[in-house]
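One file, work18.txt, carrying compact mmCIF, C-alpha atoms:
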```txt
# COMPACT_ATOMS: atom_id res chain seq x y z
CA MET A 1 117.27 82.46 114.95
CA ILE A 2 116.92 81.06 111.44
CA GLY A 3 114.49 82.87 109.15
CA TRP A 4 112.70 82.18 105.87
CA THR A 5 110.45 84.46 103.86
CA MET A 6 107.80 83.68 101.25
CA CYS A 7 106.36 86.10 98.73
CA SER A 8 109.47 87.87 99.86
CA GLY A 9 109.35 91.09 97.88
CA ILE A 10 112.42 93.28 98.27
CA GLY A 11 113.41 92.12 101.75
CA ALA A 12 111.61 94.25 104.33
CA PRO A 13 112.03 91.54 107.01
CA GLU A 14 115.76 91.35 106.30
CA VAL A 15 116.12 95.11 106.70
CA ALA A 16 113.90 95.22 109.77
CA ALA A 17 115.58 92.32 111.59
CA ALA A 18 119.22 92.03 110.55
CA TRP A 19 119.80 89.96 113.70
CA VAL A 20 117.93 87.02 112.10
CA ASP A 21 119.96 84.55 110.05
CA TRP A 22 117.85 84.73 106.89
CA ARG A 23 118.45 81.58 104.87
CA LEU A 24 115.69 81.23 102.27
CA ALA A 25 113.54 83.63 100.28
CA SER A 26 110.84 82.74 97.76
CA GLU A 27 109.84 85.36 95.19
CA ILE A 28 108.73 85.10 91.57
CA GLU A 29 108.93 88.74 90.44
CA ASN A 30 112.17 89.50 88.59
CA PHE A 31 113.00 92.93 89.98
CA PRO A 32 112.47 92.06 93.67
CA ARG A 33 114.56 88.93 93.10
CA ALA A 34 117.37 91.12 91.80
CA VAL A 35 117.09 93.36 94.88
CA LEU A 36 117.26 90.34 97.20
CA GLN A 37 120.40 89.14 95.45
CA GLU A 38 122.06 92.54 95.44
CA ARG A 39 121.19 93.68 98.96
CA HIS A 40 121.10 90.42 100.92
CA GLY A 41 123.31 88.00 99.07
CA TYR A 42 120.67 85.45 98.14
CA LYS A 43 121.89 82.92 95.59
CA LEU A 44 119.98 81.35 92.74
CA PRO A 45 119.75 77.53 92.81
CA ASP A 46 122.44 77.08 90.13
CA ASP A 47 124.86 79.31 92.08
CA HIS A 48 123.91 78.17 95.56
CA ASN A 49 126.41 76.51 97.87
CA GLN A 50 125.57 75.07 101.27
CA GLY A 51 125.65 77.91 103.76
CA ASP A 52 124.51 80.53 101.25
CA PRO A 53 121.04 82.04 101.57
CA LEU A 54 118.89 80.46 98.87
CA LEU A 55 116.61 82.40 96.52
CA TRP A 56 113.76 80.24 95.24
CA GLY A 57 110.90 81.11 92.91
CA ASP A 58 107.51 79.42 93.31
CA MET A 59 106.57 79.30 97.00
CA THR A 60 104.44 76.19 96.43
CA GLU A 61 107.67 74.27 95.77
CA VAL A 62 109.23 75.21 99.12
CA THR A 63 109.15 72.19 101.42
CA PRO A 64 111.30 70.69 104.17
CA GLU A 65 112.50 68.16 101.60
CA LEU A 66 113.70 70.94 99.31
CA ALA A 67 115.49 72.58 102.23
CA ARG A 68 117.31 69.37 103.13
CA ALA A 69 118.31 68.77 99.53
CA ARG A 70 119.76 72.29 99.34
CA GLY A 71 121.42 72.25 102.75
CA VAL A 72 119.15 74.95 104.16
CA PRO A 73 118.20 74.65 107.85
CA LEU A 74 114.53 74.75 108.79
CA PRO A 75 113.33 78.13 110.04
CA ASP A 76 112.55 79.29 113.56
CA VAL A 77 110.59 82.19 112.09
CA LEU A 78 108.69 82.30 108.80
CA VAL A 79 107.52 85.64 107.36
CA ALA A 80 105.12 85.96 104.44
CA GLY A 81 102.99 88.50 102.65
CA THR A 82 101.01 86.15 100.45
CA PRO A 83 99.23 87.88 97.54
CA CYS A 84 96.66 90.30 98.86
CA GLN A 85 94.90 91.12 95.59
CA ALA A 86 92.32 88.42 96.19
CA PHE A 87 91.27 90.21 99.36
CA SER A 88 91.25 93.76 98.00
CA VAL A 89 89.09 95.95 95.84
CA ALA A 90 91.74 95.70 93.12
CA GLY A 91 91.19 91.93 93.03
CA LEU A 92 87.40 92.35 92.97
CA ARG A 93 87.25 90.43 96.24
CA LYS A 94 87.31 86.99 94.65
CA GLY A 95 88.77 85.72 97.92
CA THR A 96 89.61 82.02 97.97
CA ASP A 97 87.99 81.65 94.52
CA ASP A 98 91.05 83.49 93.21
CA ALA A 99 94.20 81.40 92.70
CA ARG A 100 96.18 84.12 94.46
CA GLY A 101 93.98 83.75 97.53
CA ASN A 102 94.50 80.00 97.49
CA LEU A 103 98.23 80.63 97.81
CA THR A 104 97.43 81.70 101.36
CA LEU A 105 95.92 78.31 102.10
CA LYS A 106 98.95 76.65 100.50
CA PHE A 107 101.06 78.71 102.86
CA VAL A 108 99.20 77.14 105.80
CA GLU A 109 100.12 73.69 104.51
CA THR A 110 103.77 74.73 104.29
CA CYS A 111 103.70 75.97 107.89
CA HIS A 112 102.36 72.63 109.10
CA ALA A 113 104.92 70.70 107.06
CA ILE A 114 107.78 72.67 108.63
CA VAL A 115 106.38 72.15 112.14
CA ASN A 116 105.99 68.42 111.53
CA ASP A 117 109.58 68.21 110.33
CA ARG A 118 111.13 70.10 113.23
CA HIS A 119 112.25 67.96 116.13
CA ASP A 120 110.86 70.45 118.66
CA GLY A 121 107.69 71.26 116.73
CA ARG A 122 108.27 74.97 117.24
CA LEU A 123 107.77 77.72 114.69
CA VAL A 124 106.87 81.42 114.73
CA VAL A 125 104.95 82.76 111.73
CA LEU A 126 104.42 86.41 110.87
CA TRP A 127 101.90 87.09 108.11
CA GLU A 128 100.81 90.42 106.62
CA ASN A 129 97.88 91.41 104.43
CA VAL A 130 95.49 94.23 103.60
CA PRO A 131 92.59 94.91 106.00
CA GLY A 132 90.18 93.85 103.26
CA VAL A 133 90.87 90.24 104.17
CA LEU A 134 88.88 90.79 107.37
CA SER A 135 85.71 91.56 105.42
CA ASP A 136 86.06 89.06 102.59
CA LYS A 137 82.61 87.72 101.71
CA GLY A 138 83.93 84.18 101.44
CA ASN A 139 85.33 84.35 105.01
CA ALA A 140 88.88 83.93 103.74
CA PHE A 141 90.29 85.06 107.09
CA GLY A 142 88.24 82.44 108.91
CA CYS A 143 89.57 79.81 106.49
CA PHE A 144 93.10 81.00 107.16
CA LEU A 145 92.70 80.98 110.95
CA GLY A 146 90.96 77.61 110.98
CA GLY A 147 93.70 76.06 108.87
CA LEU A 148 96.45 77.44 111.10
CA VAL A 149 95.00 76.31 114.42
CA GLY A 150 93.90 72.89 113.16
CA ALA A 151 90.13 73.36 113.12
CA ASP A 152 87.97 71.04 111.03
CA ASN A 153 86.32 73.96 109.23
CA ALA A 154 86.70 77.68 108.69
CA LEU A 155 86.24 79.68 111.87
CA PRO A 156 83.17 81.93 111.92
CA SER A 157 83.65 85.59 112.74
CA PRO A 158 82.43 86.55 116.23
CA ASP A 159 79.35 88.44 115.02
CA GLY A 160 78.83 86.66 111.72
CA GLY A 161 80.08 89.62 109.70
CA SER A 162 83.52 91.13 109.26
CA TRP A 163 86.33 90.08 111.54
CA PRO A 164 87.41 92.63 114.17
CA SER A 165 90.67 94.50 113.72
CA VAL A 166 92.23 92.76 116.71
CA GLY A 167 91.77 89.32 118.20
CA MET A 168 93.15 85.92 119.11
CA VAL A 169 92.15 82.30 118.56
CA SER A 170 93.68 78.95 119.51
CA GLY A 171 93.26 75.34 118.56
CA PRO A 172 94.96 71.94 118.73
CA ARG A 173 97.80 73.02 116.43
CA ALA A 174 98.54 76.67 117.13
CA ARG A 175 97.71 79.97 118.81
CA VAL A 176 97.08 82.96 116.56
CA ALA A 177 96.84 86.67 117.31
CA TRP A 178 96.16 89.43 114.81
CA ARG A 179 96.04 93.20 114.85
CA VAL A 180 95.65 96.02 112.34
CA LEU A 181 98.62 98.38 112.61
CA ASN A 182 99.10 101.69 110.84
CA ALA A 183 102.58 102.61 109.62
CA GLN A 184 102.01 106.31 110.29
CA TYR A 185 102.43 105.63 114.00
CA PHE A 186 105.86 104.04 113.55
CA GLY A 187 107.84 107.00 112.25
CA VAL A 188 106.94 107.14 108.54
CA ALA A 189 104.77 109.80 106.88
CA GLN A 190 102.36 107.36 105.27
CA ARG A 191 98.98 106.10 106.39
CA ARG A 192 99.25 102.38 105.65
CA ARG A 193 96.95 100.03 107.52
CA ARG A 194 97.81 96.34 107.38
CA VAL A 195 96.74 93.20 109.22
CA PHE A 196 99.62 91.47 111.00
CA VAL A 197 99.14 87.91 112.20
CA VAL A 198 101.51 86.18 114.63
CA VAL A 199 101.23 82.40 114.88
CA ASP A 200 102.76 80.23 117.59
CA PHE A 201 103.41 76.57 116.95
CA GLY A 202 104.76 74.51 119.85
CA GLY A 203 105.13 77.28 122.41
CA ALA A 204 107.74 79.24 120.48
CA VAL A 205 106.30 82.66 121.42
CA ASP A 206 103.29 84.18 123.11
CA PRO A 207 101.46 85.83 120.18
CA ALA A 208 99.42 88.02 122.54
CA ALA A 209 102.59 89.39 124.13
CA VAL A 210 103.96 90.17 120.69
CA LEU A 211 101.00 92.11 119.31
CA PHE A 212 98.91 93.34 122.25
CA GLU A 213 99.51 96.05 124.82
CA ARG A 214 97.31 97.37 127.57
CA GLN A 215 98.21 100.97 126.76
CA GLY A 216 97.13 100.45 123.18
CA LEU A 217 93.52 99.82 124.21
CA ARG A 218 92.93 103.10 126.04
CA GLY A 219 91.12 106.18 124.87
CA ASN A 220 88.52 107.03 122.30
CA THR A 221 89.30 107.40 118.62
CA PRO A 222 88.59 110.96 117.43
CA PRO A 223 86.24 111.67 114.51
CA SER A 224 87.87 110.65 111.24
CA ARG A 225 88.35 114.24 110.08
CA GLN A 226 89.59 115.57 113.42
CA ALA A 227 93.24 116.49 113.31
CA GLY A 228 95.49 114.74 115.83
CA GLN A 229 98.00 116.83 117.79
CA ILE A 230 99.61 114.29 120.10
CA VAL A 231 103.36 113.78 120.29
CA ALA A 232 104.62 110.27 119.59
CA ALA A 233 106.60 108.23 122.07
CA LEU A 234 109.63 107.44 119.92
CA THR A 235 112.93 105.67 120.32
CA SER A 236 116.14 107.08 118.89
CA SER A 237 115.46 105.16 115.69
CA GLY A 238 112.08 106.82 115.28
CA VAL A 239 110.04 103.69 116.02
CA GLY A 240 107.14 103.93 118.46
CA THR A 241 108.15 102.49 121.81
CA CYS A 242 104.75 100.97 122.34
CA GLY A 243 103.64 100.34 118.80
CA ALA A 244 100.31 101.72 117.76
CA ASP A 245 97.02 101.21 116.06
CA ASP A 246 94.19 103.61 115.39
CA SER A 247 92.79 103.28 118.91
CA GLN A 248 96.20 103.93 120.42
CA GLY A 249 96.38 107.43 118.99
CA GLN A 250 94.76 108.86 122.10
CA SER A 251 97.21 107.02 124.37
CA GLY A 252 100.15 109.24 123.50
CA HIS A 253 101.66 107.41 120.55
CA LEU A 254 100.61 109.49 117.56
CA ILE A 255 103.05 111.35 115.39
CA PRO A 256 102.22 115.08 115.50
CA SER A 257 99.76 115.94 112.75
CA THR A 258 97.81 119.10 112.01
CA GLY A 259 95.39 120.20 109.32
CA ASP A 260 92.30 118.63 107.80
CA LEU A 261 92.62 115.20 106.25
CA SER A 262 91.51 114.70 102.67
CA HIS A 263 91.10 111.81 100.30
CA CYS A 264 93.85 111.62 97.70
CA LEU A 265 93.14 111.21 94.00
CA ASN A 266 94.98 108.42 92.23
CA ALA A 267 97.24 109.79 89.53
CA GLY A 268 97.42 108.38 86.01
CA GLY A 269 93.80 107.23 85.85
CA MET A 270 94.41 104.25 88.12
CA GLY A 271 91.60 102.42 89.81
CA ARG A 272 91.26 102.75 93.54
CA MET A 273 92.98 100.16 95.70
CA ASP A 274 91.36 99.28 99.03
CA TYR A 275 89.79 102.72 99.19
CA GLU A 276 87.31 101.78 101.90
CA THR A 277 89.97 100.23 104.14
CA GLU A 278 92.97 102.42 103.40
CA THR A 279 91.33 105.83 103.93
CA MET A 280 93.80 107.39 101.54
CA ILE A 281 94.72 110.87 102.78
CA ALA A 282 97.12 113.68 102.10
CA HIS A 283 98.41 116.67 103.99
CA PRO A 284 99.93 119.66 102.21
CA ILE A 285 103.67 118.97 101.97
CA ALA A 286 105.65 122.17 101.46
CA PHE A 287 108.77 122.44 99.33
CA GLU A 288 111.10 125.34 98.62
CA ALA A 289 109.85 127.98 96.22
CA ASN A 290 112.58 127.06 93.73
CA MET A 291 111.01 123.58 93.49
CA SER A 292 114.10 121.87 94.83
CA MET A 293 113.65 118.21 95.74
CA GLN A 294 113.39 117.83 99.50
CA SER A 295 112.09 115.11 101.76
CA PRO A 296 108.41 115.34 102.77
CA ASP A 297 107.58 117.10 106.01
CA THR A 298 106.87 114.22 108.41
CA SER A 299 104.37 116.31 110.33
CA GLY A 300 101.93 115.18 107.64
CA THR A 301 101.04 111.79 106.28
CA HIS A 302 101.13 110.63 102.71
CA PRO A 303 98.51 108.47 101.02
CA THR A 304 99.17 104.77 101.00
CA LEU A 305 101.76 103.60 98.49
CA THR A 306 100.45 100.97 96.10
CA ARG A 307 102.12 98.52 93.76
CA ARG A 308 101.42 100.93 90.88
CA THR A 309 102.39 104.05 92.77
CA HIS A 310 102.31 107.28 90.81
CA ALA A 311 101.88 109.20 94.03
CA ALA A 312 102.14 112.96 93.96
CA VAL A 313 102.95 115.66 96.47
CA ALA A 314 101.79 119.25 96.50
CA PHE A 315 104.36 122.02 96.91
CA GLU A 316 104.46 125.78 96.77
CA SER A 317 105.95 127.46 93.73
CA GLN A 318 106.59 131.06 92.77
CA SER A 319 104.09 131.11 89.92
CA HIS A 320 101.20 129.21 91.50
CA PRO A 321 99.97 128.69 95.08
CA TRP A 322 100.22 124.93 94.64
CA ALA A 323 101.68 122.56 92.11
CA VAL A 324 101.94 118.79 91.89
CA ARG A 325 104.76 116.46 91.01
CA ARG A 326 105.35 112.74 91.33
CA LEU A 327 107.18 111.41 94.36
CA THR A 328 110.76 110.41 93.71
CA PRO A 329 111.81 106.80 94.33
CA ASN A 330 113.83 107.89 97.35
CA GLU A 331 110.83 109.63 98.85
CA CYS A 332 108.98 106.34 98.44
CA HIS A 333 111.91 104.60 100.13
CA SER A 334 111.48 106.97 103.08
CA LEU A 335 107.73 106.42 103.23
CA GLN A 336 108.35 102.69 103.62
CA GLY A 337 111.31 103.04 105.97
CA PHE A 338 113.99 101.72 103.60
CA PRO A 339 117.48 103.19 103.26
CA GLN A 340 117.94 105.71 100.46
CA ASP A 341 118.66 104.14 97.05
CA TYR A 342 117.88 100.67 98.41
CA CYS A 343 116.14 99.68 95.17
CA ALA A 344 118.51 101.67 92.94
CA ILE A 345 120.40 98.58 91.86
CA THR A 346 121.91 97.58 88.55
CA TYR A 347 119.11 95.70 86.83
CA ARG A 348 119.53 94.00 83.48
CA LYS A 349 122.94 95.63 83.11
CA LYS A 350 121.74 99.19 83.62
CA PRO A 351 120.50 101.40 86.50
CA ALA A 352 117.04 100.34 87.64
CA ALA A 353 114.26 102.48 86.18
CA ASP A 354 111.82 104.26 88.44
CA GLY A 355 108.85 102.07 87.45
CA PRO A 356 110.08 98.78 88.95
CA GLN A 357 111.17 100.64 92.08
CA TYR A 358 107.72 102.20 92.57
CA LYS A 359 106.01 98.85 92.10
CA ALA A 360 108.34 96.97 94.44
CA LEU A 361 108.15 99.59 97.17
CA GLY A 362 104.36 99.78 96.92
CA ASN A 363 104.15 96.01 97.33
CA SER A 364 106.50 95.91 100.30
CA MET A 365 105.90 95.90 104.03
CA ALA A 366 106.71 99.03 106.05
CA VAL A 367 110.10 98.40 107.63
CA PRO A 368 109.53 100.18 110.99
CA VAL A 369 106.37 98.17 111.67
CA MET A 370 108.19 94.95 110.85
CA ALA A 371 111.10 95.96 113.10
CA TRP A 372 108.77 96.56 116.04
CA ILE A 373 107.04 93.20 115.63
CA MET A 374 110.25 91.25 115.02
CA ASP A 375 111.90 92.75 118.12
CA ARG A 376 108.93 91.67 120.19
CA ILE A 377 109.05 88.21 118.67
CA ARG A 378 112.69 87.96 119.75
CA ALA A 379 111.84 89.09 123.30
CA SER A 380 108.91 86.69 123.60
CA ALA A 381 110.91 83.76 122.22
CA ALA A 382 113.59 84.37 124.85
CA GLN A 383 110.98 84.44 127.60
CA GLN A 384 109.38 81.23 126.36
CA LYS A 385 112.74 79.46 126.44
CA VAL A 386 113.34 80.58 130.02
CA ALA A 387 109.86 79.44 131.03
CA ALA A 388 110.40 76.05 129.42
```
Step by step, read the file and then write its structure as structure tokens.
Amino acid sequence: MIGWTMCSGIGAPEVAAAWVDWRLASEIENFPRAVLQERHGYKLPDDHNQGDPLLWGDMTEVTPELARARGVPLPDVLVAGTPCQAFSVAGLRKGTDDARGNLTLKFVETCHAIVNDRHDGRLVVLWENVPGVLSDKGNAFGCFLGGLVGADNALPSPDGGSWPSVGMVSGPRARVAWRVLNAQYFGVAQRRRRVFVVVDFGGAVDPAAVLFERQGLRGNTPPSRQAGQIVAALTSSGVGTCGADDSQGQSGHLIPSTGDLSHCLNAGGMGRMDYETETMIAHPIAFEANMSMQSPDTSGTHPTLTRRTHAAVAFESQSHPWAVRRLTPNECHSLQGFPQDYCAITYRKKPAADGPQYKALGNSMAVPVMAWIMDRIRASAAQQKVAA
């Protein structure tokens, strides 16, 4: 399966699905570009030879014509996390009035161009964004869905207000399913809710089979401050065998968690980011009395990492009941499911500073969630081929 990514970040899809032949990435930020080159062998245009994975910059320039000119095969799967600021509190919810939001609509055009250029008309798309897109006042999500499925206009939400956290639509061009998934149910100690959208062009996959499960719809969600104490169903890799969302917590797929939940203050005087959708929380995370650096206790969950993460953890010390320190970059790697030191590359001829690592990790997708979805895309694609 050939894969492309857009707004590629530091390569969460590549880490999550090494079985994909990733051939093109598009990213404009300098540090993530350096990570993609170092960790995944992407080549800049001037150094690119046919057969090498190509690293491009501006995603609006990525077209089938560009791919042909560079000897890059068209993708079977396209993954993108187009800029979410336009759909978040941090972006003041400008929605499609914000140029960053319009990049999402440009992404729709790119999807259609790839489908039109493929001889079989098949393409799988996986798109990720913050939950704030579902409540955008300009109905950005309806614009996105309508564009994907080939509707004449933006699709209206079912009740005229915010879009639900799970659903599916279809049209003359595509079938689209979406679901809000929380990374804390996939083996990482971070509450990170994101919307994941799976799009099927040409019968490549069944998007419902990828994202939906009967087990995931059972049970009642407990009160928001009630502590969960249910053991997760995990594979050997620590990924939930049945995925999860907030409603699935009562179906036996929660990571054990005890203690009251609390909102987490942003360090460094930062503004809040998606506070009403992220429900930023923190559990006490205990460290040795000598203040040695240890990994967080995964029985608790950490507040959501952001692109400007200055996240802190509380630990016990000999002189005070509690103290606070900033998370280390490797603790942030763990919270996102990346290997240790993944972002600790040589950058501009010296070891990468912590700041660019924090920003890149906060912008990234959670690897275990991506791995779960990508594995289900692979399984569904195989079934669709057999059925055809």
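Near Gly337 of chain A, within 9 Å and counting only C-alpha atoms, sit A:Ala12, A:Gly187, A:Val188, A:Cys332, A:His333, A:Ser334, A:Ala366, A:Val367, A:Pro368, A:Val369, not including residues fewer than 3 positions from it in the same chain.
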Determine the nearest neighbour of Ala381 of chain A from the options A:Leu103, A:Val15, A:Leu123, A:Cys111, counting all atoms listed in the file.
A:Leu123
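For the residues A:Arg23, A:Leu335, A:Glu61, A:Ala140, ranking by smallest atom-to-atom distance to Asn49 of chain A using only C-alpha atoms places A:Arg23 first.
Here the question is which of A:Met59, A:Ala177, A:Cys7, A:Leu78 gets nearest to Asp21 of chain A using all atoms listed in the file, and that residue is A:Leu78.
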Every residue with an atom at most 12 Å from (109.7, 92.3, 116.4) (file coordinates; all atoms listed in the file) is what I'm after, so could you write them as a ChimeraX atom specification?
/A:13-20,77,79,124-126,196,198,205,207,209-211,239,241-243,367-381
Restrict the calculation to all atoms listed in the file, then for each residue of segment 80-196 of chain A with any atom at most 12 Å from an atom of segment 24-48 of chain A give the closest atom pair and their distance in Å to one decimal, rows by chain and rising residue number, as a tab-separated table.
```
residue	atom	partner	partner_atom	distance
A:Ala80	CA	A:Ser26	CA	9.4
A:Gly81	CA	A:Glu27	CA	10.6
A:Thr82	CA	A:Glu27	CA	10.3
A:Pro83	CA	A:Glu27	CA	11.2
A:Phe107	CA	A:Ser26	CA	11.7
```
For Asp117 of chain A, please output as a compact mmCIF listing (two decimals) with C-alpha atoms, keeping the file's coordinate frame all residues within 10 Å (counting only C-alpha atoms; exclusion window: fewer than 3 positions along the same chain).
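Result went into around-v9.txt, see below:
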```
# COMPACT_ATOMS: atom_id res chain seq x y z
CA THR A 63 109.15 72.19 101.42
CA PRO A 64 111.30 70.69 104.17
CA GLU A 65 112.50 68.16 101.60
CA LEU A 74 114.53 74.75 108.79
CA HIS A 112 102.36 72.63 109.10
CA ALA A 113 104.92 70.70 107.06
CA ILE A 114 107.78 72.67 108.63
CA ASP A 120 110.86 70.45 118.66
CA GLY A 121 107.69 71.26 116.73
CA ARG A 122 108.27 74.97 117.24
```
